[in-house]
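J.: There's a structure below that I have some questions on.
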Amino acid sequence: MLPAFRKLERDADFGEKPWHGADGPLPIRRYLELEPAPAHAAALRAFDDLGFAMVRDHNEPGAVGAGPMPMSSSDGERVTTADAYLPAGRTPANLSIRADSPTAEIVFDGDRAVGVRLLDGSIVRGRRMVLCAGTYGSPAILMRSGIGPASHLRAMGIPVRVDLPGVGANLADHPGADAVTGYDGSAQSAPNLHSIATFHSAGAPAAGPPDLMLWVRDPFGDPPGFEIDAVLLKPRSRGSVRLRSADPSDPPRIALPGLHDPADVDRLVEGYRRALDVAEHVEVRREVARPDATYPRTPADVRRTVQEGAYSVPHVVGTCAMGPAPEDGAVVDASGRVHGTDGLFVVDASIIPEPPSGFPHLITIMLAERLSERIASTR
Ligand SMILES: Cc1cc2nc3c(=O)[nH]c(=O)nc-3n(C[C@H](O)[C@H](O)[C@H](O)COP(=O)(O)OP(=O)(O)OC[C@H]3O[C@@H](n4cnc5c(N)ncnc54)[C@H](O)[C@@H]3O)c2cc1C
């Protein structure tokens, strides 16, 4: 996957490296030349004092610790995929965009996907179909097309084309819990700088990816707030996407994973405690005049606060998971092709089989770079 990451990236801070691209369409900035806001700078000093390694390049292989968050950003503004990949002011001749034209289902000729039927009944045909409707949209389209768990499809009155139990299952997310600091200063003007501190929970293997993250950013919002967010990067809890009916205008029923698995609560509590260590550190307290009286104190209070306050970051993945074996829950193969079909692919965050130890946007673009080459070489 590394060549595809390098292909998409234009790292403005570190340039060409074995793990960085310098010429891709997506600019990556950390704004290393700028000073974070005083409260944010104080949190970085607190991380240092609390024993986090200081990391300038979080995308360097093996980087674990605290430092600036790499952002797809330019002049303080988030750069979207459309900004980066579409020429400004015109649509390329080989691309036509139909806005507000939801896809109802896939049209097949035998096992081969030959088009999509839109909600208005019209059909768009093509040699290959690539679904990019996201972690909620892609499994819904597949299920409406008869591709999914047979029992659910039958219950919806949809004829089963391919029994694929993994469609709409395995919905994974990054749960978070915020330690608000009681900040009563002003907001920082753009660019709003972010830092992250990654680490391993007590039971996680040190050689594996970090499973916890603390996230701080310059004060923002109205009234301005400053928070230390704990994020569980490798949760075990899973939710699902299911149809309400066969009617394509009916939105799917989404059951977010939440914190169903008690081990996830334990680890997010561990992350939240570290967030409180930072929020209550003398460096941060010096910048945050009004101590927040609502901090939970006892272990039971901390646990309840996390269970009641946890939210979806939201980084949903996994509902059309990539893998070799449909019986183990895989939906697409290593080319993004839907198992048991011809000419039908899914390329979006839904094929990421498990929650990544980072944020999913760049991974999704990497998948598009990598799989577009593979798909182009299929018949
Ligand atoms: C508020 C928010 C903040 C986020 N911040 C970050 C961040 O800072 N960093 C990061 O890495 N990730 C972030 N994410 C996650 C990131 O946006 C997603 O991982 C990424 O967009 C996934 O890309 P995708 O192509 O799979 O899906 P999407 O970007 O969701 O694209 C799917 C598209 O398909 C369309 N669609 C759905 N159903 C149909 C249909 N039936 N017919 C036609 N079109 C359909 C949808 O309208 C949508 O436009 C954030 C997400 C949210 C919601």
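How things are named: the first chain in the structure tokens is A, the next is B, and so on; residues count from 1 in each chain; ligands count from 1 in the order shown.
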With 12 Å as the cut-off and only C-alpha atoms counted, what is the closest atom pair between each nearby residue of region 111-215 of chain A and region 235-240 of chain A? Distances in Å to one decimal, ordered by chain and number, as CSV.

T.:
```
residue,atom,partner,partner_atom,distance
A:Thr135,CA,A:Ser240,CA,10.0
A:Tyr136,CA,A:Ser240,CA,9.1
A:Pro139,CA,A:Ser240,CA,9.8
A:Ala140,CA,A:Ser240,CA,10.9
A:Pro149,CA,A:Ser240,CA,11.8
A:Pro165,CA,A:Ser240,CA,11.5
A:Gly166,CA,A:Ser240,CA,9.7
A:Val167,CA,A:Ser240,CA,8.9
A:Gly168,CA,A:Ser240,CA,5.4
A:Ala169,CA,A:Ser240,CA,4.7
A:Asn170,CA,A:Arg238,CA,5.3
A:Leu171,CA,A:Gly239,CA,4.6
A:Ala172,CA,A:Arg238,CA,5.1
A:Asp173,CA,A:Pro235,CA,7.5
A:His174,CA,A:Pro235,CA,6.9
A:Pro175,CA,A:Pro235,CA,7.8
A:Gly176,CA,A:Pro235,CA,10.6
A:Ser201,CA,A:Pro235,CA,11.5
A:Ala204,CA,A:Pro235,CA,11.7
A:Pro210,CA,A:Pro235,CA,11.5
A:Asp211,CA,A:Pro235,CA,8.0
A:Leu212,CA,A:Pro235,CA,9.5
```

J.: Put those residues in a file: all heavy atoms, as a short mmCIF file (atom, residue, chain, number, x, y, z; two decimals), in the first residue's frame.

T.:
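Printed below is result_9.cif as written:
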```
data_model
loop_
_atom_site.label_atom_id
_atom_site.label_comp_id
_atom_site.auth_asym_id
_atom_site.auth_seq_id
_atom_site.Cartn_x
_atom_site.Cartn_y
_atom_site.Cartn_z
N THR A 135 -19.63 3.71 3.90
CA THR A 135 -19.83 2.59 4.84
C THR A 135 -21.31 2.32 5.10
O THR A 135 -21.69 1.20 5.45
CB THR A 135 -19.07 2.91 6.14
OG1 THR A 135 -17.68 2.98 5.82
CG2 THR A 135 -19.29 1.87 7.21
N TYR A 136 -22.15 3.33 4.95
CA TYR A 136 -23.60 3.10 5.09
C TYR A 136 -24.25 2.83 3.73
O TYR A 136 -25.14 1.98 3.61
CB TYR A 136 -24.28 4.31 5.73
CG TYR A 136 -23.73 4.69 7.10
CD1 TYR A 136 -23.52 6.02 7.44
CD2 TYR A 136 -23.43 3.70 8.03
CE1 TYR A 136 -23.02 6.36 8.69
CE2 TYR A 136 -22.92 4.03 9.28
CZ TYR A 136 -22.72 5.36 9.61
OH TYR A 136 -22.23 5.70 10.84
N PRO A 139 -23.21 -0.96 1.45
CA PRO A 139 -23.91 -2.21 1.82
C PRO A 139 -25.41 -2.13 1.55
O PRO A 139 -26.04 -3.13 1.20
CB PRO A 139 -23.61 -2.37 3.32
CG PRO A 139 -23.21 -1.03 3.80
CD PRO A 139 -22.56 -0.34 2.62
N ALA A 140 -25.98 -0.94 1.69
CA ALA A 140 -27.43 -0.80 1.44
C ALA A 140 -27.73 -1.07 -0.02
O ALA A 140 -28.70 -1.79 -0.34
CB ALA A 140 -27.91 0.59 1.86
N PRO A 149 -26.71 -10.95 3.55
CA PRO A 149 -27.12 -12.12 4.35
C PRO A 149 -28.49 -12.61 3.90
O PRO A 149 -29.46 -11.85 3.92
CB PRO A 149 -27.19 -11.57 5.79
CG PRO A 149 -26.62 -10.19 5.74
CD PRO A 149 -26.65 -9.71 4.34
N PRO A 165 -22.83 -13.12 3.98
CA PRO A 165 -23.21 -12.72 5.34
C PRO A 165 -22.51 -11.46 5.82
O PRO A 165 -23.00 -10.77 6.71
CB PRO A 165 -22.78 -13.93 6.19
CG PRO A 165 -22.27 -14.97 5.26
CD PRO A 165 -22.26 -14.45 3.87
N GLY A 166 -21.34 -11.12 5.22
CA GLY A 166 -20.58 -9.96 5.72
C GLY A 166 -21.14 -8.61 5.32
O GLY A 166 -20.76 -7.58 5.90
N VAL A 167 -22.06 -8.57 4.34
CA VAL A 167 -22.57 -7.28 3.88
C VAL A 167 -23.36 -6.60 5.00
O VAL A 167 -24.32 -7.17 5.51
CB VAL A 167 -23.45 -7.44 2.62
CG1 VAL A 167 -24.06 -6.09 2.21
CG2 VAL A 167 -22.64 -8.02 1.46
N GLY A 168 -22.93 -5.43 5.38
CA GLY A 168 -23.63 -4.66 6.41
C GLY A 168 -23.25 -5.06 7.83
O GLY A 168 -23.66 -4.38 8.78
N ALA A 169 -22.47 -6.15 7.98
CA ALA A 169 -22.01 -6.54 9.33
C ALA A 169 -20.69 -5.81 9.63
O ALA A 169 -20.21 -5.02 8.81
CB ALA A 169 -21.82 -8.05 9.38
N ASN A 170 -20.12 -6.06 10.81
CA ASN A 170 -18.75 -5.62 11.09
C ASN A 170 -18.58 -4.09 11.08
O ASN A 170 -17.50 -3.58 10.81
CB ASN A 170 -17.80 -6.27 10.06
CG ASN A 170 -16.34 -6.04 10.36
OD1 ASN A 170 -15.91 -6.20 11.51
ND2 ASN A 170 -15.57 -5.64 9.37
N LEU A 171 -19.66 -3.35 11.36
CA LEU A 171 -19.55 -1.88 11.36
C LEU A 171 -18.66 -1.44 12.53
O LEU A 171 -19.00 -1.64 13.70
CB LEU A 171 -20.94 -1.26 11.49
CG LEU A 171 -21.00 0.27 11.67
CD1 LEU A 171 -20.40 0.99 10.47
CD2 LEU A 171 -22.43 0.74 11.91
N ALA A 172 -17.52 -0.86 12.20
CA ALA A 172 -16.56 -0.45 13.23
C ALA A 172 -16.42 1.07 13.21
O ALA A 172 -16.66 1.72 12.20
CB ALA A 172 -15.21 -1.11 12.99
N ASP A 173 -16.01 1.62 14.34
CA ASP A 173 -15.94 3.07 14.48
C ASP A 173 -14.84 3.38 15.50
O ASP A 173 -14.35 2.48 16.19
CB ASP A 173 -17.30 3.58 14.99
CG ASP A 173 -17.46 5.09 14.86
OD1 ASP A 173 -16.59 5.75 14.25
OD2 ASP A 173 -18.47 5.61 15.37
N HIS A 174 -14.46 4.62 15.59
CA HIS A 174 -13.57 5.06 16.67
C HIS A 174 -14.42 5.76 17.73
O HIS A 174 -14.92 6.86 17.47
CB HIS A 174 -12.53 6.06 16.14
CG HIS A 174 -11.43 5.43 15.34
ND1 HIS A 174 -10.72 6.12 14.38
CD2 HIS A 174 -10.91 4.17 15.38
CE1 HIS A 174 -9.81 5.31 13.86
NE2 HIS A 174 -9.91 4.14 14.44
N PRO A 175 -14.58 5.17 18.93
CA PRO A 175 -15.29 5.89 19.98
C PRO A 175 -14.35 6.87 20.69
O PRO A 175 -13.15 6.60 20.83
CB PRO A 175 -15.74 4.78 20.93
CG PRO A 175 -14.77 3.67 20.72
CD PRO A 175 -14.20 3.81 19.34
N GLY A 176 -14.90 7.99 21.12
CA GLY A 176 -14.10 8.99 21.81
C GLY A 176 -14.79 9.47 23.08
O GLY A 176 -16.00 9.26 23.27
N SER A 201 -2.45 0.76 25.06
CA SER A 201 -3.12 0.49 26.33
C SER A 201 -2.32 -0.57 27.09
O SER A 201 -1.45 -1.24 26.50
CB SER A 201 -4.56 0.01 26.09
OG SER A 201 -4.53 -1.24 25.44
N ALA A 204 -2.09 -3.96 25.38
CA ALA A 204 -1.81 -4.06 23.93
C ALA A 204 -0.35 -4.41 23.69
O ALA A 204 0.53 -3.90 24.38
CB ALA A 204 -2.15 -2.73 23.25
N PRO A 210 -0.45 1.38 17.93
CA PRO A 210 -1.04 1.96 19.13
C PRO A 210 -2.56 1.89 19.06
O PRO A 210 -3.14 2.08 18.00
CB PRO A 210 -0.54 3.42 19.13
CG PRO A 210 -0.09 3.68 17.74
CD PRO A 210 0.29 2.37 17.12
N ASP A 211 -3.19 1.61 20.20
CA ASP A 211 -4.66 1.47 20.20
C ASP A 211 -5.36 2.64 20.89
O ASP A 211 -6.58 2.66 20.97
CB ASP A 211 -5.09 0.12 20.79
CG ASP A 211 -4.60 -0.09 22.21
OD1 ASP A 211 -3.70 0.64 22.65
OD2 ASP A 211 -5.12 -1.00 22.89
N LEU A 212 -4.59 3.60 21.41
CA LEU A 212 -5.21 4.76 22.04
C LEU A 212 -4.55 6.04 21.53
O LEU A 212 -3.37 6.05 21.15
CB LEU A 212 -5.07 4.70 23.56
CG LEU A 212 -6.03 3.75 24.28
CD1 LEU A 212 -5.59 3.54 25.73
CD2 LEU A 212 -7.47 4.27 24.25
#
```

J.: Please extract the residues at most 8 Å from ligand 1, counting only C-alpha atoms and all ligand atoms, and provide them as a PyMOL selection string, using the chain letters and residue numbers of this document.

T.: chain A and resi 71+100-105+118+132-138+140-141+248+313-317+347-350+358-365

J.: Pull C-alpha atoms from the residues just selected and write them as a CSV table (one decimal), in the first residue's frame.

T.:
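Final output, result_5.csv:
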```
chain,number,residue,atom,x,y,z
A,71,MET,CA,-3.6,17.3,7.9
A,100,ASP,CA,-28.9,14.3,-6.5
A,101,SER,CA,-29.3,11.0,-8.3
A,102,PRO,CA,-29.3,8.3,-5.7
A,103,THR,CA,-28.6,4.8,-6.9
A,104,ALA,CA,-31.4,2.3,-6.0
A,105,GLU,CA,-29.7,-1.0,-7.1
A,118,LEU,CA,-31.3,5.2,-10.2
A,132,CYS,CA,-18.3,4.3,-3.6
A,133,ALA,CA,-21.4,5.1,-1.5
A,134,GLY,CA,-19.6,4.8,1.8
A,135,THR,CA,-19.8,2.6,4.8
A,136,TYR,CA,-23.6,3.1,5.1
A,137,GLY,CA,-24.5,3.5,1.4
A,138,SER,CA,-22.6,0.7,-0.3
A,140,ALA,CA,-27.4,-0.8,1.4
A,141,ILE,CA,-27.1,-0.8,-2.4
A,248,PRO,CA,-34.7,2.3,-2.1
A,313,VAL,CA,-15.8,10.3,16.2
A,314,PRO,CA,-17.1,9.3,13.3
A,315,HIS,CA,-14.7,7.0,11.4
A,316,VAL,CA,-17.0,4.2,10.3
A,317,VAL,CA,-15.5,1.4,8.3
A,347,VAL,CA,-14.0,1.1,-3.3
A,348,ASP,CA,-14.6,3.2,-0.2
A,349,ALA,CA,-14.2,3.1,3.6
A,350,SER,CA,-16.6,0.2,3.9
A,358,GLY,CA,-5.3,6.3,12.4
A,359,PHE,CA,-8.0,8.3,10.6
A,360,PRO,CA,-9.7,6.7,7.6
A,361,HIS,CA,-9.9,9.5,5.0
A,362,LEU,CA,-6.3,9.0,3.6
A,363,ILE,CA,-6.7,5.3,3.7
A,364,THR,CA,-9.8,5.5,1.6
A,365,ILE,CA,-8.0,7.6,-1.0
```

J.: Between A:Cys320, A:Ala93, A:Ala37, A:Ala330, single out the one closest to Ala187 (chain A), counting only C-alpha atoms.

T.: A:Ala37

J.: So that I can see what lies close to Pro219 (chain A), please list as a CSV table (one decimal) with C-alpha atoms, in the first residue's frame the residues with an atom at most 12 Å from it, counting only C-alpha atoms and leaving out residues fewer than 2 positions away in the same chain.

T.:
```csv
chain,number,residue,atom,x,y,z
A,36,PRO,CA,0.2,26.4,18.6
A,37,ALA,CA,-2.2,28.4,20.9
A,38,PRO,CA,-0.9,28.8,24.5
A,39,ALA,CA,-3.2,26.1,25.9
A,40,HIS,CA,-2.3,23.7,23.1
A,41,ALA,CA,1.4,24.4,23.7
A,43,ALA,CA,-0.7,20.3,26.6
A,180,VAL,CA,-13.1,19.4,28.8
A,181,THR,CA,-10.7,21.7,30.6
A,182,GLY,CA,-12.8,24.6,31.7
A,183,TYR,CA,-11.0,26.9,29.2
A,184,ASP,CA,-12.3,30.5,29.3
A,185,GLY,CA,-9.9,32.2,26.8
A,186,SER,CA,-10.4,33.2,23.2
A,187,ALA,CA,-10.5,31.0,20.1
A,188,GLN,CA,-7.4,30.7,17.9
A,189,SER,CA,-7.8,32.1,14.4
A,190,ALA,CA,-7.0,29.8,11.4
A,191,PRO,CA,-5.1,27.7,10.8
A,192,ASN,CA,-6.4,25.7,13.7
A,193,LEU,CA,-3.5,23.5,14.7
A,194,HIS,CA,-4.0,19.9,16.0
A,216,VAL,CA,-5.8,18.3,21.2
A,217,ARG,CA,-6.4,21.3,19.0
A,221,GLY,CA,-16.0,27.1,18.8
A,222,ASP,CA,-18.4,29.6,20.3
A,223,PRO,CA,-17.9,29.9,23.2
A,224,PRO,CA,-14.3,28.7,22.6
A,225,GLY,CA,-13.5,25.4,24.2
A,226,PHE,CA,-10.2,23.4,24.8
A,227,GLU,CA,-10.5,19.7,25.2
A,228,ILE,CA,-8.3,16.7,25.5
A,287,GLU,CA,-3.3,28.4,30.9
A,288,VAL,CA,-6.8,27.3,31.9
```

J.: State, in Å with one decimal place, the distance from CA of Arg125 (chain A) to CA of Thr341 (chain A).

T.: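 CA of Arg125 (chain A) sits 16.3 Å away from CA of Thr341 (chain A).
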
J.: Assign secondary structure with DSSP using the backbone only, and return the residues of region 76-188 of chain A in helix (DSSP H, G or I) as a compact mmCIF listing (two decimals) with all heavy atoms, in the first residue's frame.

T.:
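So the final result, stored in result.txt, reads:
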```txt
# COMPACT_ATOMS: atom_id res chain seq x y z
N THR A 81 -11.16 15.64 -1.28
CA THR A 81 -10.74 14.83 -2.43
C THR A 81 -11.09 15.55 -3.73
O THR A 81 -10.32 15.53 -4.69
CB THR A 81 -11.43 13.46 -2.37
OG1 THR A 81 -11.46 13.03 -1.01
CG2 THR A 81 -10.68 12.44 -3.19
N ALA A 82 -12.26 16.19 -3.76
CA ALA A 82 -12.65 16.92 -4.97
C ALA A 82 -11.68 18.08 -5.23
O ALA A 82 -11.24 18.29 -6.36
CB ALA A 82 -14.08 17.44 -4.83
N ASP A 83 -11.32 18.82 -4.16
CA ASP A 83 -10.35 19.91 -4.34
C ASP A 83 -9.07 19.38 -4.96
O ASP A 83 -8.48 19.99 -5.85
CB ASP A 83 -9.95 20.53 -2.98
CG ASP A 83 -11.10 21.19 -2.26
OD1 ASP A 83 -12.05 21.63 -2.92
OD2 ASP A 83 -11.03 21.27 -1.01
N ALA A 84 -8.60 18.23 -4.43
CA ALA A 84 -7.28 17.74 -4.79
C ALA A 84 -7.28 17.09 -6.18
O ALA A 84 -6.31 17.21 -6.91
CB ALA A 84 -6.79 16.74 -3.75
N TYR A 85 -8.37 16.39 -6.51
CA TYR A 85 -8.32 15.55 -7.71
C TYR A 85 -9.03 16.14 -8.93
O TYR A 85 -8.75 15.74 -10.05
CB TYR A 85 -8.92 14.17 -7.42
CG TYR A 85 -7.93 13.24 -6.74
CD1 TYR A 85 -7.72 13.30 -5.38
CD2 TYR A 85 -7.20 12.32 -7.49
CE1 TYR A 85 -6.81 12.46 -4.76
CE2 TYR A 85 -6.28 11.48 -6.89
CZ TYR A 85 -6.09 11.55 -5.52
OH TYR A 85 -5.18 10.71 -4.91
N GLY A 134 -19.93 4.69 0.38
CA GLY A 134 -19.55 4.83 1.78
C GLY A 134 -20.01 3.65 2.65
O GLY A 134 -20.70 2.73 2.21
N THR A 135 -19.63 3.71 3.90
CA THR A 135 -19.83 2.59 4.84
C THR A 135 -21.31 2.32 5.10
O THR A 135 -21.69 1.20 5.45
CB THR A 135 -19.07 2.91 6.14
OG1 THR A 135 -17.68 2.98 5.82
CG2 THR A 135 -19.29 1.87 7.21
N TYR A 136 -22.15 3.33 4.95
CA TYR A 136 -23.60 3.10 5.09
C TYR A 136 -24.25 2.83 3.73
O TYR A 136 -25.14 1.98 3.61
CB TYR A 136 -24.28 4.31 5.73
CG TYR A 136 -23.73 4.69 7.10
CD1 TYR A 136 -23.52 6.02 7.44
CD2 TYR A 136 -23.43 3.70 8.03
CE1 TYR A 136 -23.02 6.36 8.69
CE2 TYR A 136 -22.92 4.03 9.28
CZ TYR A 136 -22.72 5.36 9.61
OH TYR A 136 -22.23 5.70 10.84
N GLY A 137 -23.83 3.58 2.69
CA GLY A 137 -24.51 3.51 1.40
C GLY A 137 -24.19 2.26 0.61
O GLY A 137 -25.10 1.66 0.00
N SER A 138 -22.93 1.84 0.58
CA SER A 138 -22.56 0.70 -0.28
C SER A 138 -23.23 -0.60 0.16
O SER A 138 -23.79 -1.32 -0.69
CB SER A 138 -21.04 0.54 -0.36
OG SER A 138 -20.51 1.59 -1.14
N PRO A 139 -23.21 -0.96 1.45
CA PRO A 139 -23.91 -2.21 1.82
C PRO A 139 -25.41 -2.13 1.55
O PRO A 139 -26.04 -3.13 1.20
CB PRO A 139 -23.61 -2.37 3.32
CG PRO A 139 -23.21 -1.03 3.80
CD PRO A 139 -22.56 -0.34 2.62
N ALA A 140 -25.98 -0.94 1.69
CA ALA A 140 -27.43 -0.80 1.44
C ALA A 140 -27.73 -1.07 -0.02
O ALA A 140 -28.70 -1.79 -0.34
CB ALA A 140 -27.91 0.59 1.86
N ILE A 141 -26.91 -0.54 -0.92
CA ILE A 141 -27.14 -0.78 -2.36
C ILE A 141 -26.97 -2.27 -2.68
O ILE A 141 -27.76 -2.86 -3.42
CB ILE A 141 -26.19 0.09 -3.22
CG1 ILE A 141 -26.53 1.57 -3.03
CG2 ILE A 141 -26.26 -0.30 -4.69
CD1 ILE A 141 -25.53 2.52 -3.67
N LEU A 142 -25.91 -2.87 -2.09
CA LEU A 142 -25.70 -4.31 -2.34
C LEU A 142 -26.91 -5.11 -1.87
O LEU A 142 -27.41 -6.00 -2.59
CB LEU A 142 -24.43 -4.80 -1.64
CG LEU A 142 -23.09 -4.35 -2.22
CD1 LEU A 142 -21.93 -4.93 -1.40
CD2 LEU A 142 -22.94 -4.76 -3.69
N MET A 143 -27.38 -4.82 -0.67
CA MET A 143 -28.51 -5.62 -0.13
C MET A 143 -29.76 -5.42 -0.98
O MET A 143 -30.49 -6.38 -1.27
CB MET A 143 -28.75 -5.26 1.35
CG MET A 143 -27.64 -5.81 2.24
SD MET A 143 -27.93 -5.64 4.02
CE MET A 143 -27.54 -3.93 4.31
N ARG A 144 -30.00 -4.19 -1.42
CA ARG A 144 -31.18 -3.96 -2.27
C ARG A 144 -31.05 -4.71 -3.60
O ARG A 144 -32.04 -4.98 -4.27
CB ARG A 144 -31.37 -2.46 -2.53
CG ARG A 144 -31.85 -1.70 -1.32
CD ARG A 144 -32.46 -0.37 -1.71
NE ARG A 144 -31.50 0.53 -2.31
CZ ARG A 144 -30.83 1.47 -1.63
NH1 ARG A 144 -31.03 1.64 -0.34
NH2 ARG A 144 -30.00 2.25 -2.25
N ALA A 150 -28.54 -13.90 3.48
CA ALA A 150 -29.76 -14.42 2.84
C ALA A 150 -30.99 -14.25 3.73
O ALA A 150 -32.06 -13.85 3.25
CB ALA A 150 -29.54 -15.89 2.49
N SER A 151 -30.82 -14.50 5.06
CA SER A 151 -32.01 -14.44 5.91
C SER A 151 -32.56 -13.02 5.99
O SER A 151 -33.79 -12.81 5.96
CB SER A 151 -31.67 -14.96 7.32
OG SER A 151 -30.61 -14.18 7.85
N HIS A 152 -31.68 -12.04 6.04
CA HIS A 152 -32.15 -10.64 6.10
C HIS A 152 -32.82 -10.25 4.78
O HIS A 152 -33.88 -9.61 4.78
CB HIS A 152 -30.96 -9.72 6.40
CG HIS A 152 -31.30 -8.26 6.37
ND1 HIS A 152 -32.25 -7.70 7.21
CD2 HIS A 152 -30.86 -7.24 5.58
CE1 HIS A 152 -32.34 -6.39 6.96
NE2 HIS A 152 -31.53 -6.10 5.97
N LEU A 153 -32.22 -10.67 3.66
CA LEU A 153 -32.81 -10.32 2.36
C LEU A 153 -34.20 -10.94 2.23
O LEU A 153 -35.15 -10.28 1.79
CB LEU A 153 -31.90 -10.79 1.21
CG LEU A 153 -30.48 -10.19 1.20
CD1 LEU A 153 -29.71 -10.67 -0.02
CD2 LEU A 153 -30.53 -8.67 1.22
N ARG A 154 -34.32 -12.19 2.66
CA ARG A 154 -35.64 -12.85 2.57
C ARG A 154 -36.65 -12.12 3.44
O ARG A 154 -37.80 -11.89 3.04
CB ARG A 154 -35.53 -14.32 3.00
CG ARG A 154 -34.89 -15.16 1.92
CD ARG A 154 -35.08 -16.65 2.15
NE ARG A 154 -34.11 -17.37 1.32
CZ ARG A 154 -32.97 -17.90 1.77
NH1 ARG A 154 -32.67 -17.86 3.06
NH2 ARG A 154 -32.15 -18.49 0.93
N ALA A 155 -36.20 -11.71 4.62
CA ALA A 155 -37.12 -10.99 5.52
C ALA A 155 -37.58 -9.67 4.90
O ALA A 155 -38.67 -9.18 5.20
CB ALA A 155 -36.43 -10.73 6.87
```

J.: Just checking: using only C-alpha atoms, which residue out of A:Ala63, A:Val107, A:Leu268, A:Leu26 ends up closest to Ala230 (chain A)?

T.: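 Smallest separation from Ala230 (chain A) among the options: A:Leu268.
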
J.: Residues near Ile196 (chain A), anyone? I mean within 9 Å using only C-alpha atoms, not counting same-chain ones fewer than 6 positions away, as a PyMOL selection string.

T.: chain A and resi 58+65-69+213-217

J.: Just C-alpha atoms for this one: save the residues we selected as a PDB file, in the first residue's frame.

T.:
```pdb
ATOM      1  CA  HIS A  58       3.524  10.956  12.810  1.00  0.00           C
ATOM      2  CA  GLY A  65       4.075   9.527  20.784  1.00  0.00           C
ATOM      3  CA  ALA A  66       3.006  13.172  20.783  1.00  0.00           C
ATOM      4  CA  GLY A  67       3.340  15.742  18.041  1.00  0.00           C
ATOM      5  CA  PRO A  68       1.607  17.667  15.278  1.00  0.00           C
ATOM      6  CA  MET A  69      -1.219  15.930  13.433  1.00  0.00           C
ATOM      7  CA  MET A 213      -4.855   8.407  21.072  1.00  0.00           C
ATOM      8  CA  LEU A 214      -5.197  11.748  22.815  1.00  0.00           C
ATOM      9  CA  TRP A 215      -6.164  14.593  20.509  1.00  0.00           C
ATOM     10  CA  VAL A 216      -5.794  18.303  21.227  1.00  0.00           C
ATOM     11  CA  ARG A 217      -6.372  21.306  19.021  1.00  0.00           C
TER      12      ARG A 217
END
```

J.: Region 58-270 of chain A: which residues are strand (DSSP E) by DSSP, as a ChimeraX atom specification?

T.: /A:66-68,71-74,77-78,103-109,112-118,123-125,129-131,147-148,162-163,175-180,194-199,212-217,227-232,240-242,253-255

J.: Compare A:Pro324, A:Gly115, A:Pro355, A:Gly51 by their minimum atom-to-atom distance to Leu233 (chain A), counting only C-alpha atoms, and give me the closest one.

T.: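 Closest to Leu233 (chain A), using only C-alpha atoms: A:Pro355.
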
J.: For Pro209 (chain A), which residue out of A:Gly126, A:Lys234, A:Gly121, A:Gly258 is the nearest one, using only C-alpha atoms?

T.: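 Counting only C-alpha atoms, the residue closest to Pro209 (chain A) is A:Lys234.
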
J.: Choose the residue, out of A:Arg98, A:Arg370, A:Phe199, A:Ile352, that has the smallest atom-to-atom separation from Met54 (chain A); count only C-alpha atoms.

T.: A:Phe199

J.: Record the distance separating CA of Ala300 (chain A) and CA of Pro356 (chain A), expressed in Å with one decimal.

T.: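 About the pair CA of Ala300 (chain A) and CA of Pro356 (chain A): they are 29.5 Å apart.
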
J.: To one decimal place in Å, what is the distance between CA of Glu354 (chain A) and CA of Gly318 (chain A)?

T.: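 These atoms are spaced 5.9 Å apart.
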